[in-house]
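First comes the structure, then the notes that go with it.
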Amino acid sequence: MRFKQEVLECSQEMERLRGCHDRSNSGRFREIHEKHARLLVQEEVYWKQRAKMHWLKEGDLNTKNFHMSASLRQRAKKIGKLVNDENVAVTTQSELCEVALNYFDHLFRANPSTHDPVLSLITPKITQEDNAQLVRPITLEELKEALFQMHPDKAPGPDGFNPAFYQHFWDLCGNDVFEAATDWLERGLKSYLDKCVSEEQSAFIEGRSILDNALIAIEVILALKRRTRGWKGELALKIDISKAYDKVDWGFMCGMLKRLGFSSKWIHWMMICVSSVNYSVLVNFEKVGPIFPGRGLRQGDPLSPYLFILITEGLYSLIKRSLASGDLHGVQICRGAPMVSHLLFADDCFLFCRSTVAEINHLMGLLKTYEEASGQEINLTKSEVFFSRNLSIAAQEDLSKIMGVRHVLGTGNYLGLPSMIGRKKKEVFAFIKDKIWKRINSWRGRQLSRAGKEIMIKSMLQSIPTYIMSVYLLPDSTIRDIERMMNSFWWGGGANNKGIRWWSIGSGTRIKLMSEPWLRGDDGAWLPSPQSQGKVDIGSQQEDWHSLWTILAPPKTKHLLWRISKGCLPTRMRLQERRVPCPLLCPLCNHQNEDDWHVLFGCDASIQARQAAGIEQFLEPFLVQASSAKHAIHAICSANDKQAAGIFATLAWVLWNNRNCEVWNDSHESGRTLGFKARHMWEDWLTVQQLQHDTEAANTQHDRRNNTQQQQALRWQKPAVGWYKCNVDA
């Protein structure tokens with residue numbers, strides 16, 4: 001992709017045409033400018049898709065950030081050494097490709113299996129009416145609904161186009177959407193899962209929550225921990241299934257669907273979606289393959305999670321039969337409580353039984369039967385067992401050796417939550433801080449603006465502890481540590497991580513009355529001139545702050561205006577006030593002292609820039625009435641013309657950036673050039689927003705139409721003549 005070269009050529013051509021004022025050159029300039037904007041948008045979209053990033057708000061043209069992310073991914077995927085089946089390390093490219101090909105070929109190769117011991121326990125759940133509904137013809141509207149539910153920037157299909165392409169050009173290519181058809185099948189299957197899946201499974205089924213299993217597991221583990229009396233010991237076994245999706249036996253899956261009552265036509269559709277796939281492996285960007293699998297479910301396929309929980313019903317049926325025969329017994333946390341024998345959430349399985357040799361042997365045999373039928377493989381080395389406290393330590397060790405599972409004091413995390421909380425809560429929840437710190441360290445050195453950091457904190461860092469905080473109250477010290485890490489990332493500087501940090505003042509904790517001098521010297525210091533500010537209307541100030549964030553401008557420019565309004569811009573006057581030795585004169589004009597007003601409005605460069613940007617007449621009334629840069633900013637942002645205010649914000653960012661280039665690089669641009677640059681920068685940003693708005697508007701319109709249809713379908717209707725209707729709230 002020659003984006004960089006073409007963008008440079010367009011920029012050079014625009015610079016050449018800026019000095020020409022005849023009509024033909026003006027038309028040529030507009031043509032080149034439109035091409036330049038399109039190239040910038042295409043470049044950003046290209047690198048964003050290469051970077052596989054959906055989290056960043058498209059406020060800036062984040063090409064550098066996306067390019068860096070994609071480059072980091074490429075470096076991370078570089079493989080230098082692999083170990084083959086003979087336990088010999090290989091390093092050459094051909095040997096690496098051979099090892100990778102052999103590994104995945106073996107992983108997806110079907111193995112002999114025995115299905116009948118499990119499938120014979122499955123009873124039909126799907127009726128003929130259900131099958132008729134499942135195999136009815138697909139309508140174009142259903143395909144469109146499935147397509148528009150997909151994320152626009154997901155990985156492209158075999159044709160090279162991602163969902164955004166089909167969403168934008170739906171009218172032209174609405175009949176050629178295989179992924180959307182798969183989503184339609186997924187939505188149809190999802191409607192009947194509640195009938196087929198036992199209540200102990202809480203994954204991927206509407207109305208069931210992941211917290212149901214997590215909370216039950218926590219209560220059971222707590223009950224086992226407190227059980228110190230009685231001769232009946234009990235245990236909790238958390239099993240780890242190795243490569244759960246990749247080792248699903250297709251024959252077992254087909255048999256499971258038949259036993260549940262699905263029609264042969266529907267099963268044929270499912271098997272086509274599952275089996276019509278081949279894989280290729282990229283080893284250091286060299287394509288190896290294809291590999292034609294004989295088993296497994298595709299990661300990321302919308303059908304895979306639902307098919308997997310149907311397969312897990314085989315394990316449920318084995319456990320149910322053992323409970324009925326008395327070979328297994330669950331755990332009761334107290335008298336009168338229901339018996340808990342198993343908790344299943346996709347491939348996360350928690351099993352409970354009595355701590356006897358007979359029940360343990362039966363449980364391990366049950367798991368072996370399930371392995372042989374479904375193709376699943378229980379990884380005992382990663383599984384964990386926890387015993388009730390009324391068993392001796394020696395008995396616990398002996399039983400764990402019989403199972404081949406390591407004995408732990410707790411069961412670690414289950415579904416992202418600690419299964420057991422002791423007195424040392426800070427240590428238990430330390431993994432939250434580790435997650436946040438690891439994520440922050442992965443972002444160090446990235447080219448993130450202040451707006452980019454804001455999005456990262458709000459969308460990613462703050463979401464990490466949210467799930468855990470919905471169940472547990474975190475210790476105050478843990479919350480303070482999390483806030484400290486977020487503040488460090490927010491206020492931190494660039495690659496050297498230098499910047500201003502939050503720190504508390506006025507608390508009195510650091511005062512040393514007897515050892516510190518309290519009378520300062522008489523050294524002079526620059527102070528702002530005192531002046532009357534008049535009355536303050538708190539309500540209007542809040543409205544002004546709100547309006548600052550509603551202007552049509554890139555987020556980084558709004559952050560700059562916010563910093564100026566808060567008195568945080570490091571102008572030379574402000575640096576002198578803070579006892580930083582530096583000259584006072586503006587580095588650009590060398591005529592007046594540099595403060596906020598001079599940077600934005602008073603310097604010759606800023607005057608020429610706003611004239612070139614075409615906002616001189618818009619700004620003039622506000623500059624006449626304003627008493628400070630802060631008041632001018634609030635008045636400008638409160639104006640009805642949000643586009644002109646957005647151009648002003650972009651111009652402020654360009655002016656400050658130009659000033660910094662002069663201070664640190666001894667180079668600057670003319671005011672007229674800055675004005676054109678700010679105008680074009682804002683127009684490019686607006687073009688990006690409009691392109692994104694087209695897809696979002698189509699999605700919103702589609703959702704609104706569906707909601708309207710649902711509301712019309714649910715509207716109350718009066719009964720027929722001669723009938724009474726009684727509506728009750730269940």
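By order in the structure tokens, chains are A, B, ...; within a chain, residues start at 1; ligands start at 1, following the order shown.
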I want to know what sits within 9 Å of stretch 295-299 of chain A, based on only C-alpha atoms, with residues of the same chain fewer than 4 positions away left out; could you give that as a VMD selection string?
chain A and resid 107 to 111 244 to 251 274 to 275 277 303 to 305 307 to 308 375
Quick one: residues within 6 Å of stretch 671-676 of chain A, only C-alpha atoms, excluding same-chain residues fewer than 2 positions away - as a VMD selection string?
chain A and resid 605 608 to 610 612 to 613 678 to 679
Go ahead and compute the interatomic distance for atom CA of A:Cys661 and atom CA of A:Met486, in Å to one decimal.
29.4 Å
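As for atom CA of A:Phe104 and atom CA of A:Leu282, they are spaced 11.8 Å apart.
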